[in-house]
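Note: the block below is query_9.cif and it holds mmCIF, C-alpha atoms and all ligand atoms.
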data_data
loop_
_atom_site.label_atom_id
_atom_site.label_comp_id
_atom_site.auth_asym_id
_atom_site.auth_seq_id
_atom_site.Cartn_x
_atom_site.Cartn_y
_atom_site.Cartn_z
CA MET A 251 0.00 0.00 0.00
CA HIS A 252 3.00 2.28 0.49
CA THR A 253 4.24 3.13 -3.00
CA PRO A 254 6.15 6.41 -3.45
CA GLN A 255 7.15 6.77 -7.11
CA TYR A 256 10.56 8.34 -6.59
CA GLU A 257 13.20 9.57 -4.17
CA PHE A 258 16.41 11.57 -4.48
CA LEU A 259 19.83 9.97 -4.44
CA SER A 260 22.75 12.40 -4.37
CA GLY A 261 20.36 15.02 -5.72
CA ALA A 262 19.11 12.97 -8.66
CA GLU A 263 15.53 11.74 -9.00
CA THR A 264 15.51 7.94 -8.90
CA HIS A 265 12.98 5.12 -8.27
CA TYR A 266 11.98 4.47 -4.67
CA PHE A 267 14.33 1.72 -3.46
CA GLU A 268 12.16 0.70 -0.51
CA SER A 269 9.58 -0.84 -2.88
CA PRO A 270 6.75 -3.43 -2.68
CA GLU A 271 8.89 -5.76 -4.85
CA ARG A 272 11.14 -6.27 -1.83
CA ARG A 273 8.37 -8.08 0.00
CA GLU A 274 7.46 -10.18 -3.05
CA ALA A 275 11.07 -11.29 -3.52
CA ILE A 276 11.48 -12.41 0.09
CA LEU A 277 8.04 -14.05 0.26
CA ASN A 278 8.67 -16.00 -2.95
CA PHE A 279 11.90 -17.34 -1.54
CA LEU A 280 10.34 -18.41 1.77
CA ARG A 281 7.36 -20.02 0.00
CA SER A 282 9.67 -21.98 -2.28
CA HIS A 283 11.35 -23.61 0.76
CA PRO A 284 8.41 -25.13 2.66
CA ASP A 285 10.75 -27.69 4.21
CA MET A 286 12.40 -24.86 6.18
CA PHE A 287 9.79 -22.11 6.57
CA GLU A 288 6.13 -22.06 7.54
CA VAL A 289 4.49 -18.90 6.17
CA THR A 290 1.36 -17.37 7.72
CA GLU A 291 -0.45 -14.18 6.69
CA TYR A 292 -2.58 -13.91 9.81
CA PHE A 293 -2.11 -10.94 12.11
CA GLU A 294 -3.87 -9.42 15.06
CA ASP A 295 -4.65 -5.70 15.55
CA PHE A 296 -3.39 -4.43 18.91
CA GLY A 297 -4.78 -0.91 18.34
CA TYR A 298 -3.11 2.40 19.15
CA GLN A 299 -1.98 1.70 22.71
CA PRO A 300 1.34 -0.12 22.05
CA ILE A 301 2.23 2.40 19.32
CA LYS A 302 1.62 5.31 21.70
CA ARG A 303 4.06 3.79 24.19
CA VAL A 304 6.83 4.56 21.68
CA HIS A 305 5.65 7.43 19.48
CA LYS A 306 4.32 10.88 20.45
CA LYS A 307 0.62 11.60 19.98
CA ASP A 308 1.07 14.69 17.76
CA PHE A 309 3.49 12.77 15.51
CA LEU A 310 0.97 9.94 15.07
CA GLU A 311 -1.81 12.43 14.27
CA TYR A 312 0.48 14.03 11.71
CA LEU A 313 1.34 10.71 10.01
CA GLU A 314 -2.30 9.75 9.83
CA THR A 315 -3.56 13.01 8.29
CA ALA A 316 -0.52 14.34 6.41
CA TYR A 317 -1.27 13.11 2.90
CA GLU A 318 -4.84 14.42 2.86
CA GLU A 319 -3.72 17.83 4.16
CA TRP A 320 -0.81 17.86 1.72
CA ILE A 321 -3.11 17.32 -1.28
CA ALA A 322 -5.62 19.87 0.03
CA GLU A 323 -2.76 22.40 0.22
CA GLY A 324 -1.78 21.66 -3.39
CA GLY A 325 1.17 19.35 -2.65
CA HIS A 326 2.51 17.00 -5.33
CA PRO A 327 0.70 13.61 -5.43
CA ASN A 328 3.98 11.62 -5.14
CA GLY A 329 3.64 12.39 -1.44
CA VAL A 330 4.74 14.52 1.48
CA LEU A 331 8.36 15.73 1.59
CA PRO A 332 9.85 18.38 3.90
CA ALA A 333 10.44 21.97 2.86
CA THR A 334 12.16 23.46 5.90
CA ILE A 335 13.68 21.24 8.58
CA PRO A 336 14.00 23.05 11.96
CA HIS A 337 17.75 22.64 12.28
CA HIS A 338 19.06 23.50 15.73
CA LYS A 339 21.08 26.36 14.27
CA LEU A 340 17.93 27.79 12.68
CA ALA A 341 15.11 27.26 15.15
CA ARG A 342 14.40 30.09 17.59
CA LEU A 343 11.96 30.17 20.47
CA GLY A 344 8.67 31.84 19.66
CA ARG A 345 8.12 30.41 16.19
CA LEU A 346 7.91 26.69 16.79
CA LYS A 347 4.30 26.05 15.85
CA ALA A 348 3.83 24.50 12.43
CA SER A 349 0.47 25.58 11.04
CA ASN A 350 0.18 23.78 7.70
CA CYS A 351 1.35 20.42 6.35
CA LEU A 352 4.30 21.86 4.44
CA ALA A 353 5.64 23.24 7.72
CA LYS A 354 4.86 20.08 9.71
CA SER A 355 6.57 17.93 7.07
CA GLY A 356 9.87 19.39 8.26
CA GLN A 357 8.98 19.29 11.94
CA TYR A 358 8.27 15.54 11.85
CA CYS A 359 10.83 14.29 9.31
CA PHE A 360 14.63 14.42 9.25
CA ASP A 361 15.42 13.62 5.60
CA LEU A 362 14.00 13.28 2.07
CA SER A 363 13.53 9.51 1.93
CA ALA A 364 10.36 8.99 4.00
CA VAL A 365 7.70 9.98 1.45
CA ILE A 366 4.15 9.85 2.84
CA THR A 367 1.66 8.58 0.26
CA LYS A 368 -2.10 7.96 0.47
CA ASN A 369 -1.85 4.68 2.38
CA THR A 370 1.52 5.06 4.11
CA PHE A 371 0.01 5.29 7.59
CA LYS A 372 -2.14 2.21 7.03
CA SER A 373 0.87 0.31 5.70
CA ALA A 374 3.14 1.36 8.60
CA TRP A 375 0.31 0.55 11.03
CA ASN A 376 -0.01 -2.98 9.63
CA ALA A 377 3.77 -3.48 9.76
CA ALA A 378 3.71 -2.57 13.46
CA GLN A 379 0.71 -4.86 14.11
CA ILE A 380 2.38 -7.76 12.28
CA THR A 381 5.50 -7.28 14.40
CA LEU A 382 3.35 -7.19 17.57
CA THR A 383 1.61 -10.40 16.48
CA ALA A 384 5.03 -12.00 16.08
CA ALA A 385 6.08 -10.72 19.53
CA LYS A 386 3.02 -12.37 21.08
CA GLU A 387 3.89 -15.60 19.29
CA LEU A 388 7.49 -15.23 20.54
CA VAL A 389 6.16 -15.42 24.11
CA ARG A 390 4.31 -18.62 23.29
CA ILE A 391 7.23 -20.40 21.61
CA GLY A 392 9.54 -19.06 24.35
CA GLU A 393 7.43 -20.66 27.07
CA GLU A 394 7.31 -23.92 25.15
CA TYR A 395 11.10 -23.80 24.82
CA GLU A 396 11.62 -23.08 28.54
CA MET A 397 9.48 -26.09 29.46
CA ASN A 398 11.70 -28.32 27.35
CA VAL A 399 14.97 -26.92 28.64
CA THR A 400 15.89 -29.41 31.32
CA ASP A 401 19.60 -29.58 30.70
CA GLY A 402 22.02 -27.09 29.17
CA SER A 403 22.26 -28.93 25.89
CA SER A 404 18.72 -28.11 24.72
CA ARG A 405 19.69 -24.39 24.82
CA GLU A 406 21.44 -25.11 21.54
CA ASN A 407 18.20 -25.20 19.57
CA PRO A 408 16.40 -21.87 20.16
CA PRO A 409 13.05 -21.18 18.41
CA GLY A 410 12.71 -18.30 15.94
CA LEU A 411 10.21 -16.15 14.08
CA TYR A 412 10.53 -13.71 11.23
CA ALA A 413 8.25 -10.69 10.56
CA LEU A 414 8.28 -9.81 6.86
CA VAL A 415 7.24 -6.17 7.05
CA ARG A 416 7.58 -2.89 5.22
CA PRO A 417 7.97 0.01 5.57
CA PRO A 418 10.94 -0.67 7.85
CA GLY A 419 11.27 0.98 11.27
CA HIS A 420 14.71 1.46 12.83
CA HIS A 421 15.27 5.05 11.65
CA ALA A 422 11.90 6.25 13.05
CA GLN A 423 12.32 8.16 16.30
CA SER A 424 9.59 8.94 18.84
CA ASP A 425 8.44 11.96 16.80
CA LEU A 426 10.39 11.83 13.54
CA CYS A 427 10.13 9.77 10.38
CA GLY A 428 13.06 9.35 7.98
CA GLY A 429 15.19 6.76 6.19
CA TYR A 430 12.13 4.98 4.67
CA CYS A 431 10.78 4.51 8.23
CA PHE A 432 7.59 5.84 9.87
CA LEU A 433 6.77 3.65 12.88
CA ASN A 434 9.55 1.83 14.69
CA ASN A 435 8.28 -1.77 14.45
CA VAL A 436 11.05 -3.27 16.58
CA ALA A 437 10.76 -0.62 19.31
CA ILE A 438 6.96 -1.02 19.47
CA ALA A 439 7.18 -4.82 19.80
CA THR A 440 10.01 -4.57 22.35
CA GLN A 441 8.12 -2.10 24.56
CA TRP A 442 4.99 -4.24 24.33
CA LEU A 443 6.89 -7.30 25.57
CA ILE A 444 8.38 -5.33 28.48
CA ASP A 445 4.89 -3.98 29.32
CA GLN A 446 3.12 -7.36 29.61
CA PRO A 447 2.26 -7.61 33.33
CA GLU A 448 2.02 -11.41 33.43
CA LEU A 449 5.35 -11.79 31.69
CA LYS A 450 7.98 -12.08 34.41
CA ARG A 451 11.39 -13.59 34.93
CA LYS A 452 11.87 -16.31 37.53
CA ASP A 453 13.31 -13.65 39.89
CA GLY A 454 10.09 -11.59 39.55
CA GLY A 455 11.69 -8.90 37.36
CA LEU A 456 10.55 -7.80 33.90
CA LYS A 457 11.63 -9.81 30.88
CA LYS A 458 14.89 -8.51 29.39
CA ILE A 459 15.39 -7.97 25.70
CA VAL A 460 18.39 -7.49 23.45
CA ILE A 461 17.84 -5.63 20.20
CA LEU A 462 20.54 -6.64 17.75
CA ASP A 463 20.55 -4.27 14.76
CA ILE A 464 22.44 -5.77 11.81
CA ASP A 465 21.15 -3.37 9.13
CA PHE A 466 23.96 -1.57 7.24
CA HIS A 467 22.72 1.78 8.59
CA HIS A 468 22.72 2.90 12.21
CA GLY A 469 19.27 2.57 13.84
CA ASN A 470 19.09 6.14 15.12
CA GLY A 471 15.39 5.74 15.91
CA THR A 472 15.72 2.68 18.12
CA GLN A 473 18.74 4.26 19.83
CA GLU A 474 16.81 7.47 20.60
CA ILE A 475 13.71 5.65 21.87
CA PHE A 476 15.63 3.52 24.39
CA TYR A 477 18.58 5.84 25.12
CA THR A 478 17.76 6.37 28.81
CA THR A 479 16.70 2.84 29.76
CA SER A 480 18.66 -0.30 30.69
CA ASN A 481 16.02 -2.59 29.08
CA PRO A 482 16.34 -3.27 26.16
CA LEU A 483 20.06 -3.46 25.51
CA TYR A 484 20.50 -1.93 22.04
CA ILE A 485 23.44 -3.16 19.94
CA SER A 486 24.15 -2.01 16.40
CA LEU A 487 26.78 -2.91 13.80
CA HIS A 488 26.77 -0.46 10.89
CA SER A 489 28.85 1.51 8.45
CA ASP A 490 31.19 4.09 10.00
CA ASP A 491 30.77 6.46 7.05
CA ASP A 492 27.27 6.45 5.63
CA TYR A 493 23.66 7.39 6.20
CA PRO A 494 22.36 8.66 8.70
CA TYR A 495 25.83 10.18 9.19
CA PHE A 496 25.28 12.02 12.49
CA THR A 497 24.52 9.13 14.85
CA GLY A 498 26.07 5.74 15.52
CA SER A 499 29.47 6.52 17.03
CA GLU A 500 30.96 4.39 19.80
CA ILE A 501 30.76 7.30 22.25
CA GLU A 502 26.93 7.17 22.18
CA ARG A 503 26.55 4.75 25.09
CA GLY A 504 23.20 5.77 26.62
CA GLU A 505 22.31 8.20 29.39
CA GLY A 506 21.22 7.99 33.03
CA GLU A 507 19.86 4.51 33.75
CA GLY A 508 20.57 3.69 30.12
CA LEU A 509 24.30 4.38 30.34
CA GLY A 510 26.17 1.34 29.03
CA PHE A 511 23.03 -0.16 27.43
CA ASN A 512 23.51 1.38 23.99
CA ILE A 513 26.38 -0.16 22.08
CA ASN A 514 27.43 1.08 18.63
CA LEU A 515 30.03 -0.69 16.56
CA PRO A 516 30.83 1.28 13.38
CA LEU A 517 32.66 -0.81 10.77
CA PRO A 518 34.59 0.22 7.63
CA LYS A 519 33.13 -0.13 4.13
CA ALA A 520 35.69 -2.86 3.40
CA THR A 521 34.07 -5.21 5.96
CA THR A 522 34.08 -8.83 4.66
CA ASP A 523 32.19 -11.95 5.78
CA ASP A 524 35.05 -12.90 8.11
CA ASP A 525 35.33 -9.37 9.57
CA TYR A 526 31.58 -9.16 10.13
CA VAL A 527 31.18 -12.55 11.78
CA GLU A 528 34.21 -11.90 13.98
CA ALA A 529 32.83 -8.51 15.10
CA LEU A 530 29.38 -10.01 15.76
CA GLU A 531 30.76 -12.95 17.76
CA LYS A 532 32.81 -10.56 19.88
CA LEU A 533 29.72 -8.43 20.65
CA ILE A 534 27.78 -11.58 21.53
CA GLN A 535 30.47 -12.77 23.97
CA GLU A 536 31.24 -9.39 25.54
CA HIS A 537 27.79 -7.81 25.72
CA ILE A 538 24.87 -10.05 24.80
CA ILE A 539 25.68 -13.17 26.88
CA PRO A 540 26.53 -11.19 30.08
CA TYR A 541 23.26 -9.21 29.79
CA LYS A 542 21.28 -12.44 30.40
CA ALA A 543 18.26 -11.50 28.28
CA ASP A 544 15.07 -13.50 27.80
CA TYR A 545 14.53 -12.66 24.12
CA VAL A 546 16.51 -11.38 21.16
CA ILE A 547 14.90 -9.11 18.58
CA VAL A 548 16.95 -8.67 15.42
CA SER A 549 16.61 -5.60 13.20
CA LEU A 550 17.37 -7.60 10.09
CA GLY A 551 18.76 -5.54 7.23
CA VAL A 552 20.58 -7.22 4.38
CA ASP A 553 21.83 -3.95 2.89
CA THR A 554 25.23 -5.11 4.20
CA PHE A 555 25.33 -7.15 0.94
CA LYS A 556 28.23 -6.41 -1.43
CA ASP A 557 25.92 -5.55 -4.36
CA ASP A 558 23.36 -3.46 -2.49
CA PRO A 559 22.52 -0.45 -4.73
CA ILE A 560 22.45 2.19 -1.95
CA ALA A 561 24.71 0.70 0.71
CA GLY A 562 26.93 -2.34 1.10
CA PHE A 563 29.87 -3.80 2.96
CA LEU A 564 31.58 -6.71 1.23
CA VAL A 565 29.27 -9.30 2.81
CA THR A 566 28.39 -12.14 0.38
CA SER A 567 25.46 -14.58 0.23
CA GLU A 568 27.73 -17.16 1.88
CA GLY A 569 28.16 -14.80 4.85
CA TYR A 570 24.48 -14.67 5.86
CA PRO A 571 24.11 -18.28 7.10
CA ARG A 572 27.22 -17.68 9.22
CA ILE A 573 25.64 -14.55 10.71
CA GLY A 574 22.41 -16.46 11.41
CA ASN A 575 24.40 -19.25 13.03
CA ALA A 576 26.22 -16.80 15.32
CA ILE A 577 22.81 -15.49 16.46
CA ARG A 578 21.58 -19.05 17.03
CA LYS A 579 24.48 -19.63 19.41
CA ILE A 580 23.07 -16.93 21.77
CA GLY A 581 20.54 -19.67 22.56
CA LEU A 582 17.46 -17.45 23.07
CA PRO A 583 14.00 -17.27 21.45
CA THR A 584 14.55 -14.81 18.62
CA LEU A 585 12.32 -12.56 16.54
CA PHE A 586 13.80 -11.30 13.28
CA VAL A 587 12.14 -8.16 11.86
CA GLN A 588 12.80 -6.98 8.31
CA GLU A 589 14.54 -3.60 7.94
CA GLY A 590 16.60 -2.64 4.85
CA GLY A 591 18.07 -4.51 1.86
CA TYR A 592 17.63 -3.28 -1.71
CA CYS A 593 19.31 -5.77 -4.05
CA ILE A 594 15.98 -7.30 -5.10
CA GLU A 595 17.45 -10.28 -7.02
CA MET A 596 19.38 -11.50 -3.96
CA LEU A 597 17.01 -10.43 -1.16
CA GLY A 598 15.33 -13.82 -0.79
CA ILE A 599 18.57 -15.79 -0.71
CA ASN A 600 20.20 -13.36 1.71
CA VAL A 601 17.31 -13.12 4.18
CA GLY A 602 16.74 -16.88 3.83
CA GLY A 603 20.45 -17.38 4.50
CA ILE A 604 20.25 -15.61 7.87
CA LEU A 605 17.13 -17.56 8.85
CA SER A 606 18.47 -20.94 7.74
CA GLY A 607 21.74 -20.23 9.55
CA PHE A 608 19.70 -19.57 12.69
CA LEU A 609 17.79 -22.83 12.22
CA GLY A 610 21.16 -24.64 12.05
N1 LIG A 701 23.44 7.55 -0.22
C1 LIG A 701 16.99 1.51 5.72
O1 LIG A 701 17.82 0.75 5.26
N2 LIG A 701 18.88 7.29 1.63
N3 LIG A 701 16.98 2.82 5.43
C2 LIG A 701 20.28 7.08 1.68
C3 LIG A 701 22.42 6.87 0.52
C4 LIG A 701 18.14 6.77 2.77
C5 LIG A 701 17.96 3.42 4.58
C6 LIG A 701 21.08 7.59 0.53
C7 LIG A 701 18.55 5.40 3.19
C8 LIG A 701 17.67 4.85 4.28
C9 LIG A 701 15.89 0.99 6.59
ZN ZN A 702 19.56 0.12 6.06
#
Encoded form using structure tokens:
Amino acid sequence: MHTPQYEFLSGAETHYFESPERREAILNFLRSHPDMFEVTEYFEDFGYQPIKRVHKKDFLEYLETAYEEWIAEGGHPNGVLPATIPHHKLARLGRLKASNCLAKSGQYCFDLSAVITKNTFKSAWNAAQITLTAAKELVRIGEEYEMNVTDGSSRENPPGLYALVRPPGHHAQSDLCGGYCFLNNVAIATQWLIDQPELKRKDGGLKKIVILDIDFHHGNGTQEIFYTTSNPLYISLHSDDDYPYFTGSEIERGEGEGLGFNINLPLPKATTDDDYVEALEKLIQEHIIPYKADYVIVSLGVDTFKDDPIAGFLVTSEGYPRIGNAIRKIGLPTLFVQEGGYCIEMLGINVGGILSGFLG
């Protein structure tokens, strides 16, 4: 339902890379391997409440009404794009109220790649609800798993789920869209899990979650949303010299209670399969295992692929099963949620590679 016709890449008009074909490519691959994957299209609607736990009310109202207002104001039908972004060097007290959609488009968006079309809100809403449905299912398969864990050895076969959603979410902040993202699917599902009153650890505490973000780009949205809390632990591996440019350094470690629970690992463009797996395994040993989480939620981007048209380390299709296998070795019930990845021809194989590597 979310189908912008174009975006800008280095100033040039180009097709919209975050396209509906991405979903088709991945779905076709999963459906053609019924021995490995069981596909279901069912999802539940959890309403506004879990979305409001992560995103601000005025931002949600904006997303829901923007396109209609935009058209009424004479905006181009391709969709809503910002005119003036209230940069901190520009904004002055006393003139902070955006009256029309053209003004709001800058207030609630940080770049030119999150185009709001007629059904963008509906599409982002469904992506969030699908991710929530998967989170609820994660609880169920997690409980089943716990019941069967009698000795340490059974920890070697953790259960997993994958939410095939778009638009993606990890760039969306509490009141900003950007980077093809509108609602932060992973953050919404994570907060929902933490909020479930009947869901407790054996020691009576809340369930603990690790968000592992393996998209090529830094998840500035997820980082912002959980920056001041110790649950979840947010860990991201991403390019040290690419979009979104101004977040993702190692010195961003969280604040207050959240200090030490935000871990960024920027990697060079020349990162290979071996480099990536080595970096991931180190993060797992040094940060994920000691955190003693109950669930892992993976922001799964495959724009780390060597032939990705807008991004790309040197990761190959042979690298993805190794990455999935490293995640399997954490030994926890895991929910994978689709983020980026734009090499359509290889999307199915690459996503499938991560998932099959996890299955072992
Ligand atoms: N030169 C995700 O992968 N445009 N978002 C970048 C690069 C925006 C990526 C231009 C890229 C957003 C979810
Ligand atoms: Zn990305």
Write out as a Markdown table a residue-level contact list of segment 441-514 of chain A versus segment 352-364 of chain A with cut-off 12 Å: for each qualifying residue the closest pair of atoms and the distance in Å to one decimal, counting only C-alpha atoms, rows sorted by chain and residue number upward.
| residue | atom | partner | partner_atom | distance |
| --- | --- | --- | --- | --- |
| A:Asn470 | CA | A:Phe360 | CA | 11.1 |
| A:Gly471 | CA | A:Phe360 | CA | 11.0 |
| A:Tyr493 | CA | A:Asp361 | CA | 10.3 |
| A:Pro494 | CA | A:Asp361 | CA | 9.1 |
| A:Tyr495 | CA | A:Asp361 | CA | 11.5 |
| A:Phe496 | CA | A:Phe360 | CA | 11.4 |
Distance of atom CA of Glu568 of chain A from atom CA of Gly591 of chain A, expressed in Å to one decimal place: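 Between atom CA of Gly591 of chain A and atom CA of Glu568 of chain A the gap works out to 15.9 Å.
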Shell around Ile538 of chain A at 12 Å using only C-alpha atoms, local window under 3 positions removed, as number ranges by chain: A: 458-462, 482-486, 511-513, 530-535, 541-547, 576-577, 579-582
Pick from A:Val304, A:Val399, A:Leu487, A:Ile391: nearest to Glu474 of chain A, with only C-alpha atoms counted?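 Selected residue with least distance to Glu474 of chain A: A:Val304.
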Pick out the closest residue to Leu331 of chain A from this set: A:Val365, A:Leu597, A:Ala275, A:Ala437. Count only C-alpha atoms.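 Result for the nearest residue to Leu331 of chain A: A:Val365.
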Neighbours of ligand LIG 701 (chain A) within 7 Å, counting all atoms listed in the file, as a list in words?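 So, counting all atoms listed in the file, the residues near ligand LIG 701 (chain A) are Leu259, Ser260, Ser363, Pro418, Gly419, His420, His421, Gly429, Tyr430, Cys431, Asp465, Phe466, His467, Tyr493, Gly551, Asp553, Ile560, Ala561, Glu589, Gly590 and Gly591 of chain A.
Between atom CA of Thr554 of chain A and atom CA of Asn278 of chain A the separation is 21.1 Å.
Atom CA of Pro254 of chain A lies 26.6 Å from atom CA of Phe563 of chain A.
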Using all atoms listed in the file, which of the listed residues (A:Glu263, A:Asp463, A:Glu314, A:Glu274) sits closest to ligand ZN 702 (chain A)?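 Residue with the minimum atom-to-atom distance to ligand ZN 702 (chain A): A:Asp463.
Each of A:Tyr592, A:Trp320, A:Phe287, A:Tyr570 was compared to ligand ZN 702 (chain A) using only C-alpha atoms and all ligand atoms, and A:Tyr592 turns out to be the nearest.
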Of the listed residues A:Pro336, A:Gly569, A:Pro417, A:Gly506, that which approaches Val527 of chain A most closely, counting only C-alpha atoms: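 Looking at the shortest contact to Val527 of chain A, the residue is A:Gly569.
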Between A:Ser606, A:Thr290, A:Gln441, A:Asn514, which one has atoms that come closest to Gly574 of chain A, using only C-alpha atoms?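 Checking each candidate against Gly574 of chain A, we get A:Ser606 as the closest.
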Please produce, as JSON lines, a per-residue contact table for segment 410-434 of chain A versus segment 376-382 of chain A (criterion: any atom at most 10 Å away, all atoms listed in the file considered), showing the nearest atom pair and its distance in Å to one decimal, sorted by chain then residue number.
{"residue": "A:Tyr412", "atom": "CA", "partner": "A:Thr381", "partner_atom": "CA", "distance": 8.8}
{"residue": "A:Ala413", "atom": "CA", "partner": "A:Thr381", "partner_atom": "CA", "distance": 5.8}
{"residue": "A:Leu414", "atom": "CA", "partner": "A:Ile380", "partner_atom": "CA", "distance": 8.3}
{"residue": "A:Val415", "atom": "CA", "partner": "A:Ala377", "partner_atom": "CA", "distance": 5.2}
{"residue": "A:Arg416", "atom": "CA", "partner": "A:Ala377", "partner_atom": "CA", "distance": 6.0}
{"residue": "A:Pro417", "atom": "CA", "partner": "A:Ala377", "partner_atom": "CA", "distance": 6.9}
{"residue": "A:Pro418", "atom": "CA", "partner": "A:Ala377", "partner_atom": "CA", "distance": 7.9}
{"residue": "A:Gly419", "atom": "CA", "partner": "A:Ala378", "partner_atom": "CA", "distance": 8.6}
{"residue": "A:Phe432", "atom": "CA", "partner": "A:Ala378", "partner_atom": "CA", "distance": 9.9}
{"residue": "A:Leu433", "atom": "CA", "partner": "A:Ala378", "partner_atom": "CA", "distance": 7.0}
{"residue": "A:Asn434", "atom": "CA", "partner": "A:Ala378", "partner_atom": "CA", "distance": 7.4}
Using all atoms listed in the file, which residues sit within 12 Å of Val389 of chain A once same-chain residues fewer than 2 positions away are excluded, as a VMD selection string? chain A and resid 382 to 387 391 to 396 409 to 411 439 to 440 442 to 444 446 448 to 450 457 459 544 to 546 582 to 585
Find the spatial neighbours of Gly329 of chain A, counting only C-alpha atoms, within a cut-off of 10 Å - ignore same-chain residues fewer than 5 positions away - and output them as a list of chain:residue names.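 Those residues are A:Thr253, A:Pro254, A:Gln255, A:Tyr256, A:Ala316, A:Tyr317, A:Glu318, A:Trp320, A:Ile321, A:Ala364, A:Val365, A:Ile366, A:Thr367, A:Lys368, A:Thr370.
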With a distance cut-off of 8 Å and all atoms listed in the file, select the neighbouring residues of Gly607 of chain A, excluding the residue or stretch itself and same-chain residues fewer than 2 positions from it, and output the selection as a ChimeraX atom specification. /A:570-575,578,603-605,609-610
Grab the residues selected above and save them as a PDB file, keeping the file's coordinate frame with C-alpha atoms.
ATOM      1  CA  TYR A 570      24.480 -14.670   5.860  1.00  0.00           C
ATOM      2  CA  PRO A 571      24.110 -18.280   7.100  1.00  0.00           C
ATOM      3  CA  ARG A 572      27.220 -17.680   9.220  1.00  0.00           C
ATOM      4  CA  ILE A 573      25.640 -14.550  10.710  1.00  0.00           C
ATOM      5  CA  GLY A 574      22.410 -16.460  11.410  1.00  0.00           C
ATOM      6  CA  ASN A 575      24.400 -19.250  13.030  1.00  0.00           C
ATOM      7  CA  ARG A 578      21.580 -19.050  17.030  1.00  0.00           C
ATOM      8  CA  GLY A 603      20.450 -17.380   4.500  1.00  0.00           C
ATOM      9  CA  ILE A 604      20.250 -15.610   7.870  1.00  0.00           C
ATOM     10  CA  LEU A 605      17.130 -17.560   8.850  1.00  0.00           C
ATOM     11  CA  LEU A 609      17.790 -22.830  12.220  1.00  0.00           C
ATOM     12  CA  GLY A 610      21.160 -24.640  12.050  1.00  0.00           C
TER      13      GLY A 610
END
